[in-house]
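Novice: Just so it is clear, I am handing over input-v3.cif, which has mmCIF, C-alpha atoms.
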data_model
#
loop_
_atom_site.group_PDB
_atom_site.id
_atom_site.type_symbol
_atom_site.label_atom_id
_atom_site.label_comp_id
_atom_site.auth_asym_id
_atom_site.auth_seq_id
_atom_site.Cartn_x
_atom_site.Cartn_y
_atom_site.Cartn_z
ATOM 1 C CA MET D 1 -41.227 51.868 -56.074
ATOM 2 C CA ASP D 2 -44.690 52.220 -57.596
ATOM 3 C CA HIS D 3 -44.365 53.418 -61.201
ATOM 4 C CA SER D 4 -48.100 53.981 -61.670
ATOM 5 C CA PHE D 5 -47.733 57.764 -61.651
ATOM 6 C CA THR D 6 -47.224 59.193 -65.138
ATOM 7 C CA PHE D 7 -44.941 62.211 -65.244
ATOM 8 C CA SER D 8 -45.268 64.847 -67.942
ATOM 9 C CA LYS D 9 -43.284 67.948 -68.828
ATOM 10 C CA VAL D 10 -46.359 70.072 -68.141
ATOM 11 C CA PHE D 11 -46.808 68.603 -64.651
ATOM 12 C CA ILE D 12 -43.135 68.910 -63.726
ATOM 13 C CA GLU D 13 -42.556 72.382 -65.106
ATOM 14 C CA ASN D 14 -45.640 73.728 -63.347
ATOM 15 C CA LEU D 15 -44.027 72.811 -60.029
ATOM 16 C CA PRO D 16 -42.122 75.693 -58.410
ATOM 17 C CA HIS D 17 -38.366 75.955 -58.145
ATOM 18 C CA TYR D 18 -36.875 76.299 -54.672
ATOM 19 C CA LYS D 19 -36.779 80.096 -54.505
ATOM 20 C CA ALA D 20 -40.322 80.439 -55.858
ATOM 21 C CA TYR D 21 -41.481 77.872 -53.281
ATOM 22 C CA ARG D 22 -39.779 79.797 -50.475
ATOM 23 C CA LYS D 23 -41.453 83.010 -51.610
ATOM 24 C CA TYR D 24 -44.844 81.262 -51.812
ATOM 25 C CA VAL D 25 -44.513 79.923 -48.253
ATOM 26 C CA GLN D 26 -43.537 83.364 -46.987
ATOM 27 C CA GLU D 27 -46.618 84.880 -48.621
ATOM 28 C CA LEU D 28 -48.849 82.209 -47.066
ATOM 29 C CA VAL D 29 -47.437 82.875 -43.599
ATOM 30 C CA SER D 30 -48.019 86.614 -44.009
ATOM 31 C CA ARG D 31 -51.722 85.709 -44.365
ATOM 32 C CA GLY D 32 -51.685 83.371 -41.381
ATOM 33 C CA LEU D 33 -51.598 80.234 -43.527
ATOM 34 C CA THR D 34 -49.302 77.328 -44.324
ATOM 35 C CA THR D 35 -49.230 74.711 -47.078
ATOM 36 C CA GLY D 36 -51.390 71.599 -47.095
ATOM 37 C CA ASN D 37 -54.741 70.691 -45.639
ATOM 38 C CA ASN D 38 -53.970 71.248 -41.946
ATOM 39 C CA GLN D 39 -54.242 74.962 -41.160
ATOM 40 C CA SER D 40 -53.931 74.685 -37.384
ATOM 41 C CA GLU D 41 -52.136 77.237 -35.247
ATOM 42 C CA SER D 42 -49.456 74.682 -34.374
ATOM 43 C CA TYR D 43 -48.721 73.966 -38.047
ATOM 44 C CA LEU D 44 -48.412 77.689 -38.716
ATOM 45 C CA LYS D 45 -45.961 77.914 -35.817
ATOM 46 C CA TYR D 46 -43.915 75.024 -37.229
ATOM 47 C CA THR D 47 -43.864 76.737 -40.628
ATOM 48 C CA MET D 48 -42.562 79.992 -39.185
ATOM 49 C CA LEU D 49 -39.810 78.094 -37.356
ATOM 50 C CA ASN D 50 -38.935 76.226 -40.555
ATOM 51 C CA ILE D 51 -38.560 79.473 -42.481
ATOM 52 C CA GLN D 52 -35.873 80.470 -39.978
ATOM 53 C CA ARG D 53 -34.192 77.079 -40.291
ATOM 54 C CA MET D 54 -34.113 77.264 -44.077
ATOM 55 C CA GLU D 55 -32.781 80.817 -44.075
ATOM 56 C CA ARG D 56 -29.950 79.732 -41.791
ATOM 57 C CA LEU D 57 -29.161 76.650 -43.860
ATOM 58 C CA ASP D 58 -29.162 78.610 -47.114
ATOM 59 C CA LYS D 59 -26.296 80.651 -45.668
ATOM 60 C CA THR D 60 -24.293 77.870 -44.047
ATOM 61 C CA ILE D 61 -24.487 74.703 -46.184
ATOM 62 C CA ARG D 62 -21.276 73.747 -47.927
ATOM 63 C CA LEU D 63 -21.081 70.897 -50.419
ATOM 64 C CA THR D 64 -18.695 68.106 -49.454
ATOM 65 C CA ASP D 65 -15.926 66.861 -51.741
ATOM 66 C CA ASP D 66 -17.838 63.566 -51.883
ATOM 67 C CA ILE D 67 -21.032 65.011 -53.372
ATOM 68 C CA GLN D 68 -19.089 67.282 -55.702
ATOM 69 C CA SER D 69 -17.165 64.321 -57.116
ATOM 70 C CA ALA D 70 -20.438 62.399 -57.539
ATOM 71 C CA LEU D 71 -21.986 65.315 -59.427
ATOM 72 C CA LEU D 72 -19.133 65.179 -61.938
ATOM 73 C CA LEU D 73 -20.385 61.733 -62.958
ATOM 74 C CA LEU D 74 -23.755 63.078 -64.084
ATOM 75 C CA SER D 75 -24.195 62.771 -67.833
ATOM 76 C CA VAL D 76 -27.977 62.781 -68.192
ATOM 77 C CA PRO D 77 -30.048 65.778 -67.042
ATOM 78 C CA SER D 78 -32.736 65.025 -64.490
ATOM 79 C CA TYR D 79 -35.500 66.553 -62.458
ATOM 80 C CA TRP D 80 -35.396 66.195 -58.706
ATOM 81 C CA ILE D 81 -38.986 66.413 -57.496
ATOM 82 C CA VAL D 82 -39.283 66.745 -53.719
ATOM 83 C CA ILE D 83 -42.646 66.086 -52.077
ATOM 84 C CA SER D 84 -42.909 68.461 -49.139
ATOM 85 C CA GLU D 85 -45.016 70.597 -46.821
ATOM 86 C CA ALA D 86 -43.849 73.832 -45.218
ATOM 87 C CA TRP D 87 -44.715 72.706 -41.670
ATOM 88 C CA CYS D 88 -42.475 69.614 -41.856
ATOM 89 C CA GLY D 89 -39.263 69.994 -39.854
ATOM 90 C CA ASP D 90 -37.411 67.303 -41.807
ATOM 91 C CA CYS D 91 -38.277 69.084 -45.066
ATOM 92 C CA ALA D 92 -36.814 72.301 -43.687
ATOM 93 C CA GLN D 93 -33.570 70.549 -42.774
ATOM 94 C CA ILE D 94 -33.207 68.575 -46.001
ATOM 95 C CA ILE D 95 -34.571 70.554 -48.951
ATOM 96 C CA PRO D 96 -32.009 73.398 -48.655
ATOM 97 C CA VAL D 97 -29.297 70.721 -48.947
ATOM 98 C CA MET D 98 -30.911 69.331 -52.093
ATOM 99 C CA TYR D 99 -31.098 72.846 -53.511
ATOM 100 C CA LYS D 100 -27.379 73.374 -52.928
ATOM 101 C CA ILE D 101 -26.646 70.040 -54.621
ATOM 102 C CA ALA D 102 -28.806 70.999 -57.609
ATOM 103 C CA GLU D 103 -26.993 74.340 -57.783
ATOM 104 C CA GLY D 104 -23.676 72.508 -57.823
ATOM 105 C CA SER D 105 -24.703 70.154 -60.626
ATOM 106 C CA GLY D 106 -23.916 72.556 -63.453
ATOM 107 C CA GLY D 107 -27.482 72.513 -64.674
ATOM 108 C CA LYS D 108 -27.804 68.700 -64.702
ATOM 109 C CA ILE D 109 -30.358 68.692 -61.850
ATOM 110 C CA ASP D 110 -33.553 70.776 -61.991
ATOM 111 C CA LEU D 111 -35.058 70.839 -58.485
ATOM 112 C CA ARG D 112 -38.841 71.241 -58.114
ATOM 113 C CA ILE D 113 -41.101 71.176 -55.038
ATOM 114 C CA ALA D 114 -44.446 69.346 -54.974
ATOM 115 C CA GLY D 115 -46.955 69.769 -52.153
ATOM 116 C CA ARG D 116 -47.945 66.465 -50.566
ATOM 117 C CA ASP D 117 -51.604 67.318 -50.013
ATOM 118 C CA ASP D 118 -51.911 69.044 -53.396
ATOM 119 C CA ASN D 119 -50.593 65.955 -55.204
ATOM 120 C CA PRO D 120 -52.183 62.902 -53.559
ATOM 121 C CA GLU D 121 -51.675 60.601 -56.565
ATOM 122 C CA LEU D 122 -47.972 61.428 -56.711
ATOM 123 C CA MET D 123 -47.609 60.844 -52.970
ATOM 124 C CA SER D 124 -49.482 57.551 -53.174
ATOM 125 C CA ALA D 125 -47.041 56.331 -55.821
ATOM 126 C CA PHE D 126 -44.020 56.982 -53.584
ATOM 127 C CA LEU D 127 -45.023 55.865 -50.105
ATOM 128 C CA THR D 128 -42.502 54.791 -47.477
ATOM 129 C CA GLN D 129 -43.615 51.488 -45.951
ATOM 130 C CA GLY D 130 -47.198 52.509 -46.675
ATOM 131 C CA ALA D 131 -46.827 55.952 -45.093
ATOM 132 C CA ARG D 132 -47.092 59.406 -46.728
ATOM 133 C CA ALA D 133 -43.719 60.352 -45.239
ATOM 134 C CA ILE D 134 -41.950 63.510 -46.387
ATOM 135 C CA PRO D 135 -39.690 64.801 -47.716
ATOM 136 C CA LYS D 136 -39.583 62.314 -50.579
ATOM 137 C CA LEU D 137 -37.135 62.892 -53.420
ATOM 138 C CA ILE D 138 -37.886 61.401 -56.826
ATOM 139 C CA CYS D 139 -35.272 61.560 -59.587
ATOM 140 C CA ILE D 140 -36.855 61.773 -63.047
ATOM 141 C CA ASP D 141 -34.870 61.331 -66.259
ATOM 142 C CA ALA D 142 -35.394 64.612 -68.131
ATOM 143 C CA ASP D 143 -35.539 62.849 -71.510
ATOM 144 C CA THR D 144 -37.652 59.761 -70.796
ATOM 145 C CA LEU D 145 -39.605 61.209 -67.836
ATOM 146 C CA GLN D 146 -39.162 57.887 -66.053
ATOM 147 C CA ALA D 147 -38.397 57.651 -62.329
ATOM 148 C CA ARG D 148 -34.784 56.562 -61.812
ATOM 149 C CA TYR D 149 -34.663 56.436 -58.015
ATOM 150 C CA SER D 150 -36.237 57.886 -54.887
ATOM 151 C CA TRP D 151 -34.914 58.835 -51.454
ATOM 152 C CA GLY D 152 -36.438 59.804 -48.147
ATOM 153 C CA PRO D 153 -37.877 60.763 -45.842
ATOM 154 C CA ARG D 154 -34.788 61.040 -43.630
ATOM 155 C CA PRO D 155 -31.110 60.064 -43.490
ATOM 156 C CA LEU D 156 -30.565 56.674 -41.861
ATOM 157 C CA THR D 157 -29.413 58.120 -38.521
ATOM 158 C CA ALA D 158 -32.487 60.348 -38.333
ATOM 159 C CA ILE D 159 -34.665 57.333 -39.146
ATOM 160 C CA LYS D 160 -33.115 55.499 -36.197
ATOM 161 C CA ILE D 161 -33.810 58.475 -33.905
ATOM 162 C CA HIS D 162 -37.452 58.391 -35.046
ATOM 163 C CA GLU D 163 -37.699 54.626 -34.500
ATOM 164 C CA GLN D 164 -36.299 54.987 -30.985
ATOM 165 C CA PHE D 165 -38.970 57.598 -30.281
ATOM 166 C CA ARG D 166 -41.743 55.331 -31.571
ATOM 167 C CA GLN D 167 -40.519 52.520 -29.333
ATOM 168 C CA SER D 168 -40.316 54.757 -26.270
ATOM 169 C CA ILE D 169 -43.577 56.702 -26.473
ATOM 170 C CA GLY D 170 -44.450 57.640 -22.914
ATOM 171 C CA ALA D 171 -40.816 57.757 -21.864
ATOM 172 C CA ILE D 172 -40.032 60.684 -24.139
ATOM 173 C CA THR D 173 -42.328 63.475 -25.318
ATOM 174 C CA LYS D 174 -42.854 64.593 -28.901
ATOM 175 C CA GLU D 175 -41.237 67.903 -27.950
ATOM 176 C CA GLN D 176 -38.112 66.148 -26.658
ATOM 177 C CA PHE D 177 -37.965 64.015 -29.795
ATOM 178 C CA ASP D 178 -38.073 67.150 -31.952
ATOM 179 C CA ILE D 179 -35.260 68.690 -29.896
ATOM 180 C CA ASN D 180 -33.136 65.558 -30.220
ATOM 181 C CA LEU D 181 -33.776 65.255 -33.954
ATOM 182 C CA HIS D 182 -32.968 68.857 -34.823
ATOM 183 C CA LYS D 183 -29.927 68.798 -32.531
ATOM 184 C CA TRP D 184 -28.648 65.874 -34.592
ATOM 185 C CA TYR D 185 -29.283 67.745 -37.852
ATOM 186 C CA ALA D 186 -27.330 70.728 -36.509
ATOM 187 C CA GLN D 187 -24.399 68.588 -35.372
ATOM 188 C CA ASP D 188 -24.306 66.578 -38.601
ATOM 189 C CA LYS D 189 -24.156 69.727 -40.790
ATOM 190 C CA SER D 190 -25.888 67.909 -43.686
ATOM 191 C CA ILE D 191 -22.996 65.447 -44.104
ATOM 192 C CA ALA D 192 -25.208 62.342 -43.891
ATOM 193 C CA ILE D 193 -27.720 63.650 -46.425
ATOM 194 C CA GLN D 194 -24.987 64.566 -48.881
ATOM 195 C CA GLN D 195 -23.285 61.188 -48.469
ATOM 196 C CA GLU D 196 -26.485 59.220 -49.058
ATOM 197 C CA LEU D 197 -27.375 61.257 -52.142
ATOM 198 C CA ALA D 198 -23.814 60.947 -53.483
ATOM 199 C CA ASP D 199 -24.051 57.167 -53.102
ATOM 200 C CA LEU D 200 -27.375 57.170 -54.974
ATOM 201 C CA ILE D 201 -25.984 59.252 -57.822
ATOM 202 C CA ARG D 202 -23.014 56.905 -58.190
ATOM 203 C CA SER D 203 -25.167 53.776 -58.097
ATOM 204 C CA LYS D 204 -27.609 54.948 -60.780
#
Show this structure as structure tokens.
Specialist:
Amino acid sequence: MDHSFTFSKVFIENLPHYKAYRKYVQELVSRGLTTGNNQSESYLKYTMLNIQRMERLDKTIRLTDDIQSALLLLSVPSYWIVISEAWCGDCAQIIPVMYKIAEGSGGKIDLRIAGRDDNPELMSAFLTQGARAIPKLICIDADTLQARYSWGPRPLTAIKIHEQFRQSIGAITKEQFDINLHKWYAQDKSIAIQQELADLIRSK
């Protein structure tokens, strides 16, 4: 983890909470826009689909006993900063889960959303194998403002699905990969994400 990025209360607290972020994305879409630098028609289409995904997940996600027991171990308040863009399908599948976890923390976790393209220095400090992969979760100690751990951009099984796609380009289309990936998310019901985050909380 690159610790070159200096966090401040002003920076963190200027980042939107989940519901404010959702409202902001909705307002952008109503004007034919999305977040980030790429304002193509396809990215707008992805964003509109992701709004539907997030609305569905907001209604259906249930916290597991595992993550709830891990949250009981929290003694120090923290910020969870998630680097995201509205057009990203993985962000749409994962950030609602993080929001539910933050809600279940009894105020110990303050979730904020940071745009990848709007915060290039932050993104550069938390690359994944040199890539600007999102979503990227960064846990910041609320007292010291130091990064405690990071997670992302996908659960391990989803990473394997992506690696299989990269190794089989030509044999499978990007569209089929997206179908396979989101089918897995639907079948998993956020269990893998919650388990990995519970393990992180316990280990830190």
Novice: Set the distance at 8 Å and use only C-alpha atoms: which residues neighbour Leu74 (chain D) once local chain neighbours fewer than 3 positions away are removed? I'd like the list as number ranges by chain.
Specialist: D: 70-71, 77, 105, 108, 201
Novice: To one decimal place in Å, what is the distance between CA of Phe126 (chain D) and CA of Ile113 (chain D)?
Specialist: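 Taking CA of Phe126 (chain D) and CA of Ile113 (chain D), their separation equals 14.6 Å.
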Novice: If the PyMOL selection byres ((chain D and resi 55-65) around 12) is run on the structure shown, which residues does it catch, given as a ChimeraX atom specification?
Specialist: /D:18-19,22-23,26,48-54,66-72,91-105,185-186,188-198
Novice: Could I get the residues of region 100-130 of chain D with an atom no further than 12 Å from an atom of region 151-156 of chain D, each paired with its nearest atom pair and that distance in Å to one decimal, using all atoms listed in the file, sorted by chain and residue number, as a tab-separated table?
Specialist:
residue	atom	partner	partner_atom	distance
D:Phe126	CA	D:Trp151	CA	9.5
D:Leu127	CA	D:Gly152	CA	9.6
D:Thr128	CA	D:Pro153	CA	7.7
D:Gln129	CA	D:Pro153	CA	10.9
Novice: Return the single residue from D:Phe177, D:Gly89, D:Thr157, D:Gly106 that is closest to Ser75 (chain D), with distances computed using only C-alpha atoms.
Specialist: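 For Ser75 (chain D), the nearest of the given residues is D:Gly106.
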Novice: Write out as a list of chain:residue names the residues lying within 9 Å of region 9-14 of chain D, counting all atoms listed in the file and excluding same-chain residues fewer than 2 positions away.
Specialist: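 Listing them by chain and then by number gives D:Phe7, D:Pro16, D:His17, D:Tyr79, D:Ile81, D:Arg112, D:Ala114, D:Ala142, D:Leu145.
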Novice: Between D:Val25, D:Ala20, D:Cys88, D:Val82, which has the minimum distance to Tyr43 (chain D) (counting only C-alpha atoms)?
Specialist: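 Result for the nearest residue to Tyr43 (chain D): D:Cys88.
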